[in-house]
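Below is one structure; the comments refer to it alone.
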Amino acid sequence: MSKEFYDRFECFINTITEMREVDLDKISGIVTPVCEVLGIARIEASFYDTPRDEAMGKGQHYLCYDTGEEYELAIHHRIVTEALRISDSSVFKAKGREWSVNERNRAESFSKIMMLAASRSALLQVAKRRTFYDDDNYKNLNYYMKNLETLGQQGKVIGNTAVLFNLKHFSLINQQIGRERGTVVMHGFIDSLSDKLGDKGLVCRMGGDNFIVIADSSMTYTITEHLKGTAIRYNDLGDRVMVSATAGVVVIDGSFEYHSPSDVMDRVISASQSARTGGQEDIVFFSSEMEKRREKIMRLQRVFPEALGNGEFLIYYQPKVEVTTGRIVGAEALCRWKHDGDIIKPDDFIPTFEQSLDICKLDFYMLDHVCADIRKWLDEGKQVVRVSVNLSRKHMMDIDLLDDLISIIDKHNVPHEYIEIELTETTTDVEFRDLKRVVSGLQKQGIYTSVDDFGIGYSSLNLLSEIPWNVIKIDKSLIPIGDDRSKKSVMFKYIISMAKELGLECISEGVETQEQVDYMLKNGCEIVQGFYFDKPLPQDKFIQRLMRGVYKQ
Ligand code: C2E
Ligand code: MG
Ligand code: MG
């Protein structure tokens with residue numbers, strides 16, 4: 001072989017292996033001279049109308065020996081066509097003309113080179129698809145992050161809007177029209193948004209029915225209008241379904257301090273969480289108050305582990321009082337956070353900890369300390385009452401919950417009847433089943449359970465009839481006052497009589513006045529918890545209170 005051949009050949013190999021994708025134009029340009037050197041007469045990089053051509057599909061590129069005649073498939077056709085999926089190249093020879101050994105070897109070398117290059121490029125393509133697309137062919141979060149990163153590197157992030165949205169009631173749509181059509185609807189909704197955005201925006205899927213957009217800020221209105229509700233066709237008959245979404249929106253304007261993609265992501269996630277859980281607006285724009293709240297949440301989450309280790313969380317006890325006698329019949333353990341000399345109330349930190357699983361650690365910490373206190377009081381021969389501990393709904397996902405609770409109580413050797421677990425109502429069927437399992441399990445162990453804050457949220461009769469509670473705690477918002485006295489009175493009376501009929505102990509929370517105490521007595525609610533008797537007290541004050549005996553009326 002001549003030096004010229006080797007030079008060209010090397011150049012060809014280098015070029016082809018550097019290619020990230022098979023670029024037909026480029027290949028033809030390079031392959032033609034190399035083939036000449038290899039002795040392959042010509043390359044036909046075009047359609048070739050033969051029956052075989054039709055059978056193999058259009059758009060093939062053939063490497064041929066000759067033209068104008070009928071062609072036969074030559075060596076390595078299959079390997080080359082399979083490897084070069086998109087270009088489908090084949091090495092042909094003219095019919096009726098035998099190849100010499102030399103020609104055969106050259107053609108073979110050529111097809112091997114093509115095969116190597118093509119399989120590498122095919123692999124790269126597959127890898128690229130896997131990295132940037134999901135199984136349903138939506139661009140994925142990697143694609144989004146890469147795009148955001150590139151915008152950042154080019155200094156073009158400002159002037160865009162990021163939107164994170166979750167399709168509303170999509171499982172219901174799936175149920176109503178079937179999963180397959182549901183998929184069609186989802187594609188329809190996303191494709192039509194992408195069409196509206198054109199080259200001014202990008203829609204990617206984060207997973208499930210969560211999607212994320214980055215678009216020129218001039219498209220913000222278009223996006224939010226689309227998300228508020230768009231009718232999508234799901235069959236040829238023209239049947240349509242209305243699709244809408246909850247969304248968090250971050251307008252990245254001149255005031256935005258952009259350092260990295262996570263600056264956008266953190267904000268858009270927190271806005272979309274407010275939209276999903278806030279219960280008011282479906283579309284929430286990230287604001288400066290939200291920013292402050294986010295900073296506070298991050299600060300609290302950062303210091304939580306240390307605070308827990310330092311014993312900054314204190315247990316306060318609020319007495320539960322039997323109104324007929326003035327006796328203390330129980331207490332609720334309520335958390336206080338002593339931080340930097342201040343006492344922080346639960347409403348300022350519980351919602352934050354509920355965003356992560358920190359709340360579970362805190363609840364176990366509370367139960368552990370309550371049990372230690374009860375053990376100490378028992379050992380000192382003091383009077384002891386049943387103490388209730390609040391448990392966040394976040395625990396419901398934990399399948400070891402029951403065992404963990406029991407092992408904490410038993411570690412302190414506290415008789416089970418001194419412990420009551422307060423749980424709030426649940427919203428989903430799954431949670432309801434878990435709640436039932438947990439309450440029944442506690443019941444079997446002789447541990448009391450109460451449904452907390454009954455009357456706000458989604459109280460249902462199933463909640464009372466299907467779950468074996470011991471106690472129902474009626475929320476303070478249900479205590480009749482002022483104008484709504486008559487309606488609330490009726491509700492209150494019925495709740496009390498229904499609960500009693502079901503054999504449940506009733507407690508009213510938030511009783512503040514003598515008038516309310518009288519009302520409770522008149523309506524058959526004998527146990528109350530409220531500022532009228534005592535606020536939540538530190539441990540020593542609570543013990544003093546217990547030892548002082550009955551409240552004087
Ligand atoms: P909750 O479980 O419903 O507790 C009763 C709340 O009502 C307590 O608020 C208590 O101080 C307050 N309260 C009692 N009597 C009165 C009254 O007469 N008037 C008024 N206005 N309020 C009264 P607190 O201690 O601020 O706790 C608020 C909520 O934080 C609790 O509501 C509970 O949901 C949660 N929480 C407190 N400690 C814990 C805990 O250790 N774990 C969990 N998961 N949640 C906790
Ligand atoms: Mg409670
Ligand atoms: Mg309550």
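Residue numbering restarts at 1 in every chain; chains get A, B, ... in the order shown in the structure tokens, and ligands count up from 1 in that same order.
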**Report entry** alpha helix (DSSP H) residues, from DSSP on the backbone, in stretch 108-275 of chain A, as a ChimeraX atom specification
**Finding:** /A:108-132,141-153,170-177,179-197,220-228,261-275
Give me the chain A side of the contact with ligand 2, cut-off 6 Å, one line per residue showing its nearest atom pair and distance in Å at one decimal, counting only C-alpha atoms and all ligand atoms, sorted by chain and residue number, as a tab-separated table.
```
residue	atom	partner	partner_atom_place_in_ligand_line	distance
A:Asn390	CA	ligand 2	1 (Mg)	5.2
A:Glu422	CA	ligand 2	1 (Mg)	5.7
A:Asp452	CA	ligand 2	1 (Mg)	5.5
```
Using C-alpha atoms, can you write the selected residues to a file as a tab-separated table (two decimals), in the first residue's frame?
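Result saved to again.tsv:
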```
chain	number	residue	atom	x	y	z
A	390	ASN	CA	-48.23	14.11	69.69
A	422	GLU	CA	-52.31	11.76	69.72
A	452	ASP	CA	-56.37	15.21	67.75
```
Requested in this report: Within 7 Å of ligand 1, which residues show up when you count only C-alpha atoms and all ligand atoms? List them as a PyMOL selection string, please.
Outcome: chain A and resi 333-335+345-347+350+359+362-363+366+389-392+452-453+509-512+529-532+535-536
Since we have the selection now, will you write its residues out, keeping N, CA and C atoms, as a CSV table (one decimal), in the first residue's frame?
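Heads up, here's the output in selection.csv:
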```csv
chain,number,residue,atom,x,y,z
A,333,ALA,N,-48.2,16.4,76.5
A,333,ALA,CA,-46.8,16.9,76.5
A,333,ALA,C,-46.7,17.7,75.2
A,334,LEU,N,-46.2,19.0,75.4
A,334,LEU,CA,-46.1,19.9,74.3
A,334,LEU,C,-44.6,20.4,74.2
A,335,CYS,N,-44.1,20.5,73.0
A,335,CYS,CA,-42.7,20.8,72.8
A,335,CYS,C,-42.5,22.3,72.8
A,345,LYS,N,-42.2,28.6,70.1
A,345,LYS,CA,-43.4,27.8,70.2
A,345,LYS,C,-43.5,26.8,69.0
A,346,PRO,N,-44.2,25.7,69.2
A,346,PRO,CA,-44.2,24.7,68.1
A,346,PRO,C,-44.6,25.2,66.7
A,347,ASP,N,-45.6,26.1,66.7
A,347,ASP,CA,-46.1,26.5,65.4
A,347,ASP,C,-45.0,27.1,64.5
A,350,ILE,N,-42.5,23.3,64.1
A,350,ILE,CA,-43.1,21.9,63.7
A,350,ILE,C,-43.3,21.9,62.2
A,359,ILE,N,-39.1,15.7,62.1
A,359,ILE,CA,-40.2,15.7,63.0
A,359,ILE,C,-40.3,14.3,63.7
A,362,LEU,N,-37.8,14.2,66.5
A,362,LEU,CA,-38.3,15.0,67.6
A,362,LEU,C,-39.4,14.3,68.4
A,363,ASP,N,-40.3,13.7,67.7
A,363,ASP,CA,-41.4,13.0,68.4
A,363,ASP,C,-40.9,11.9,69.2
A,366,MET,N,-39.4,13.3,72.3
A,366,MET,CA,-40.4,13.7,73.3
A,366,MET,C,-40.9,12.5,74.0
A,389,VAL,N,-48.8,12.2,74.0
A,389,VAL,CA,-47.7,12.7,73.2
A,389,VAL,C,-48.1,12.8,71.7
A,390,ASN,N,-47.8,13.9,71.1
A,390,ASN,CA,-48.2,14.1,69.7
A,390,ASN,C,-47.3,13.4,68.7
A,391,LEU,N,-47.9,12.8,67.7
A,391,LEU,CA,-47.2,12.1,66.7
A,391,LEU,C,-47.5,12.6,65.3
A,392,SER,N,-46.6,13.1,64.6
A,392,SER,CA,-46.8,13.7,63.3
A,392,SER,C,-47.3,12.6,62.3
A,452,ASP,N,-56.6,13.8,67.3
A,452,ASP,CA,-56.4,15.2,67.8
A,452,ASP,C,-57.0,16.2,66.8
A,453,ASP,N,-57.3,17.4,67.3
A,453,ASP,CA,-57.9,18.4,66.4
A,453,ASP,C,-59.1,18.0,65.6
A,509,GLU,N,-60.5,21.1,73.6
A,509,GLU,CA,-59.2,21.8,73.7
A,509,GLU,C,-59.5,23.3,73.7
A,510,GLY,N,-58.7,24.1,74.3
A,510,GLY,CA,-58.8,25.6,74.1
A,510,GLY,C,-59.9,26.2,74.9
A,511,VAL,N,-60.2,25.6,76.1
A,511,VAL,CA,-61.2,26.2,76.9
A,511,VAL,C,-60.6,27.4,77.7
A,512,GLU,N,-61.1,28.6,77.5
A,512,GLU,CA,-60.5,29.8,78.1
A,512,GLU,C,-61.3,30.5,79.2
A,529,GLN,N,-59.2,20.9,78.3
A,529,GLN,CA,-57.8,21.3,78.4
A,529,GLN,C,-57.8,22.7,77.9
A,530,GLY,N,-57.3,23.6,78.7
A,530,GLY,CA,-57.3,25.0,78.2
A,530,GLY,C,-56.7,26.0,79.2
A,531,PHE,N,-56.5,27.2,78.7
A,531,PHE,CA,-55.9,28.2,79.5
A,531,PHE,C,-56.7,28.6,80.7
A,532,TYR,N,-58.0,28.3,80.7
A,532,TYR,CA,-58.8,28.6,81.8
A,532,TYR,C,-58.3,27.9,83.1
A,535,LYS,N,-51.9,26.9,81.4
A,535,LYS,CA,-51.2,26.9,80.1
A,535,LYS,C,-50.3,25.7,80.2
A,536,PRO,N,-49.6,25.3,79.1
A,536,PRO,CA,-48.6,24.2,79.2
A,536,PRO,C,-47.5,24.7,80.2
```
Report task. Find the residue from A:Met520, A:Val250, A:Met547, A:Val451 that sits nearest to ligand 3; use only C-alpha atoms and all ligand atoms when measuring. Result -> A:Val451
Query raised in the report: So which residues touch A:Ile283 within 6 Å, counting only C-alpha atoms, skipping near sequence neighbours fewer than 4 positions away, as a list of chain:residue names?
Result: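 The residues that qualify are A:Thr246, A:Ala247, A:Gly248, A:Ala275.
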Query - From A:Leu402, A:Val268, A:Val241, A:Ile214, residue lying nearest A:Gly159 [only C-alpha atoms] - result: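 Answer, going by the shortest atom-to-atom distance: A:Ile214.
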Query raised in the report: Quick one: residues within 9 Å of A:Tyr143, only C-alpha atoms counted, chain neighbours fewer than 5 positions away excluded, as an MDAnalysis selection string?
Result: chainID A and resid 131:133 148 204
Query raised in the report: Interatomic distance between atom CA of A:Leu300 and atom CA of A:Glu354?
Result: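 These two atoms are separated by 11.7 Å.
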Excluding same-chain residues fewer than 3 positions from stretch 434-440 of chain A, what lies within 8 Å of it counting only C-alpha atoms, as a CSV table (one decimal) with N, CA, C and O atoms, in the first residue's frame?
```
chain,number,residue,atom,x,y,z
A,396,MET,N,-46.5,7.9,59.5
A,396,MET,CA,-47.3,6.8,59.0
A,396,MET,C,-46.7,5.9,57.9
A,396,MET,O,-47.0,4.8,57.7
A,397,MET,N,-45.6,6.5,57.3
A,397,MET,CA,-45.0,5.7,56.2
A,397,MET,C,-44.0,4.7,56.9
A,397,MET,O,-43.5,3.8,56.2
A,401,LEU,N,-42.9,1.7,62.9
A,401,LEU,CA,-43.3,2.7,63.9
A,401,LEU,C,-43.8,2.0,65.2
A,401,LEU,O,-43.4,2.4,66.3
A,402,LEU,N,-44.7,1.0,65.1
A,402,LEU,CA,-45.3,0.4,66.3
A,402,LEU,C,-44.2,-0.1,67.2
A,402,LEU,O,-44.1,0.1,68.4
A,426,THR,N,-56.3,12.0,58.7
A,426,THR,CA,-55.5,11.8,57.5
A,426,THR,C,-56.3,12.2,56.3
A,426,THR,O,-57.6,12.3,56.3
A,430,VAL,N,-54.4,5.7,51.6
A,430,VAL,CA,-53.3,5.0,52.0
A,430,VAL,C,-52.9,5.3,53.5
A,430,VAL,O,-52.7,4.4,54.3
A,431,GLU,N,-53.0,6.6,53.7
A,431,GLU,CA,-52.7,7.1,55.1
A,431,GLU,C,-53.7,6.5,56.1
A,431,GLU,O,-53.4,6.1,57.2
A,443,GLN,N,-53.6,-0.2,70.4
A,443,GLN,CA,-54.7,-0.6,71.2
A,443,GLN,C,-54.4,-2.0,71.8
A,443,GLN,O,-54.7,-2.2,73.0
A,444,LYS,N,-53.9,-2.9,71.0
A,444,LYS,CA,-53.6,-4.3,71.5
A,444,LYS,C,-52.6,-4.2,72.6
A,444,LYS,O,-52.5,-5.1,73.4
A,449,THR,N,-55.1,5.9,72.5
A,449,THR,CA,-54.9,6.7,71.3
A,449,THR,C,-56.0,7.7,71.2
A,449,THR,O,-57.1,7.5,71.6
A,466,GLU,N,-64.3,3.4,62.0
A,466,GLU,CA,-63.5,2.3,61.6
A,466,GLU,C,-62.2,2.2,62.3
A,466,GLU,O,-61.5,1.2,62.2
A,467,ILE,N,-61.8,3.2,63.1
A,467,ILE,CA,-60.5,3.1,63.8
A,467,ILE,C,-60.8,3.1,65.3
A,467,ILE,O,-61.6,3.9,65.8
A,468,PRO,N,-60.2,2.2,66.0
A,468,PRO,CA,-60.5,2.0,67.4
A,468,PRO,C,-59.9,3.0,68.4
A,468,PRO,O,-59.1,2.6,69.2
A,469,TRP,N,-60.2,4.3,68.2
A,469,TRP,CA,-59.7,5.3,69.2
A,469,TRP,C,-60.2,5.1,70.6
A,469,TRP,O,-61.3,4.5,70.8
```
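Contact shell of A:Ala499 at 12 Å (only C-alpha atoms; same-chain neighbours under 4 positions omitted): Ser450, Val451, Phe454, Leu461, Leu463, Leu464, Ser465, Pro468, Trp469, Asn470, Val471, Ile472, Lys473, Ile474, Phe492, Lys493, Tyr494, Ile495, Gly503, Leu504, Glu505, Cys506, Ile507, Gly524 and Cys525 of chain A.
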Would you mind exporting N, CA and C atoms of the selected residues as a compact mmCIF listing (two decimals), in the first residue's frame?
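Wrote it out as selection.txt, contents follow:
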```txt
# COMPACT_ATOMS: atom_id res chain seq x y z
N SER A 450 -55.61 8.91 70.73
CA SER A 450 -56.64 9.93 70.56
C SER A 450 -56.55 10.57 69.19
N VAL A 451 -57.71 10.95 68.66
CA VAL A 451 -57.73 11.69 67.41
C VAL A 451 -57.72 13.17 67.78
N PHE A 454 -59.94 17.21 66.23
CA PHE A 454 -61.13 16.76 65.51
C PHE A 454 -62.01 17.96 65.18
N LEU A 461 -66.72 10.47 59.17
CA LEU A 461 -67.33 9.55 60.14
C LEU A 461 -66.58 8.22 60.14
N LEU A 463 -63.54 7.86 60.03
CA LEU A 463 -62.39 8.02 60.93
C LEU A 463 -62.76 7.56 62.34
N LEU A 464 -63.99 7.86 62.74
CA LEU A 464 -64.41 7.47 64.08
C LEU A 464 -64.91 6.04 64.14
N SER A 465 -65.66 5.62 63.10
CA SER A 465 -66.28 4.31 63.20
C SER A 465 -65.32 3.17 62.87
N PRO A 468 -60.18 2.18 65.99
CA PRO A 468 -60.53 1.98 67.41
C PRO A 468 -59.88 2.98 68.37
N TRP A 469 -60.23 4.26 68.25
CA TRP A 469 -59.68 5.27 69.15
C TRP A 469 -60.22 5.09 70.57
N ASN A 470 -59.49 5.67 71.53
CA ASN A 470 -60.02 5.76 72.90
C ASN A 470 -60.60 7.13 73.16
N VAL A 471 -59.96 8.14 72.56
CA VAL A 471 -60.29 9.51 72.93
C VAL A 471 -60.49 10.36 71.68
N ILE A 472 -61.42 11.32 71.75
CA ILE A 472 -61.56 12.27 70.67
C ILE A 472 -61.31 13.67 71.25
N LYS A 473 -60.38 14.39 70.64
CA LYS A 473 -60.04 15.73 71.13
C LYS A 473 -60.66 16.75 70.19
N ILE A 474 -61.64 17.47 70.69
CA ILE A 474 -62.37 18.41 69.83
C ILE A 474 -61.60 19.73 69.75
N PHE A 492 -71.53 20.75 67.86
CA PHE A 492 -70.81 20.35 69.06
C PHE A 492 -71.58 19.28 69.83
N LYS A 493 -72.89 19.57 70.02
CA LYS A 493 -73.72 18.63 70.78
C LYS A 493 -73.73 17.25 70.12
N TYR A 494 -73.86 17.26 68.76
CA TYR A 494 -73.94 15.98 68.06
C TYR A 494 -72.62 15.22 68.09
N ILE A 495 -71.54 15.97 68.01
CA ILE A 495 -70.24 15.28 68.07
C ILE A 495 -70.08 14.59 69.43
N GLY A 503 -68.53 5.08 72.53
CA GLY A 503 -67.70 4.68 73.67
C GLY A 503 -66.39 5.44 73.76
N LEU A 504 -66.35 6.64 73.16
CA LEU A 504 -65.10 7.41 73.19
C LEU A 504 -65.12 8.44 74.31
N GLU A 505 -63.95 8.66 74.88
CA GLU A 505 -63.78 9.72 75.87
C GLU A 505 -63.67 11.03 75.09
N CYS A 506 -64.32 12.12 75.57
CA CYS A 506 -64.26 13.39 74.83
C CYS A 506 -63.48 14.44 75.60
N ILE A 507 -62.64 15.15 74.91
CA ILE A 507 -61.93 16.27 75.54
C ILE A 507 -62.09 17.48 74.64
N GLY A 524 -72.29 17.93 78.20
CA GLY A 524 -71.80 16.57 78.43
C GLY A 524 -70.34 16.33 78.09
N CYS A 525 -69.55 17.41 77.93
CA CYS A 525 -68.12 17.18 77.69
C CYS A 525 -67.38 17.43 79.00
```
Report summary line: In terms of only C-alpha atoms, the residue from A:Cys371, A:Ala271, A:Ala127, A:Leu141 at minimal distance from A:Ile409 is A:Cys371
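The interatomic distance for the pair atom CA of A:Thr424 and atom CA of A:Ser460 works out to 11.9 Å.
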Query raised in the report: If you run DSSP on this backbone, which residues of stretch 445-541 of chain A come out as strand (DSSP E), and could you give them as a VMD selection string?
Result: chain A and resid 448 to 454 471 to 474 505 to 509 527 to 529 537 to 538
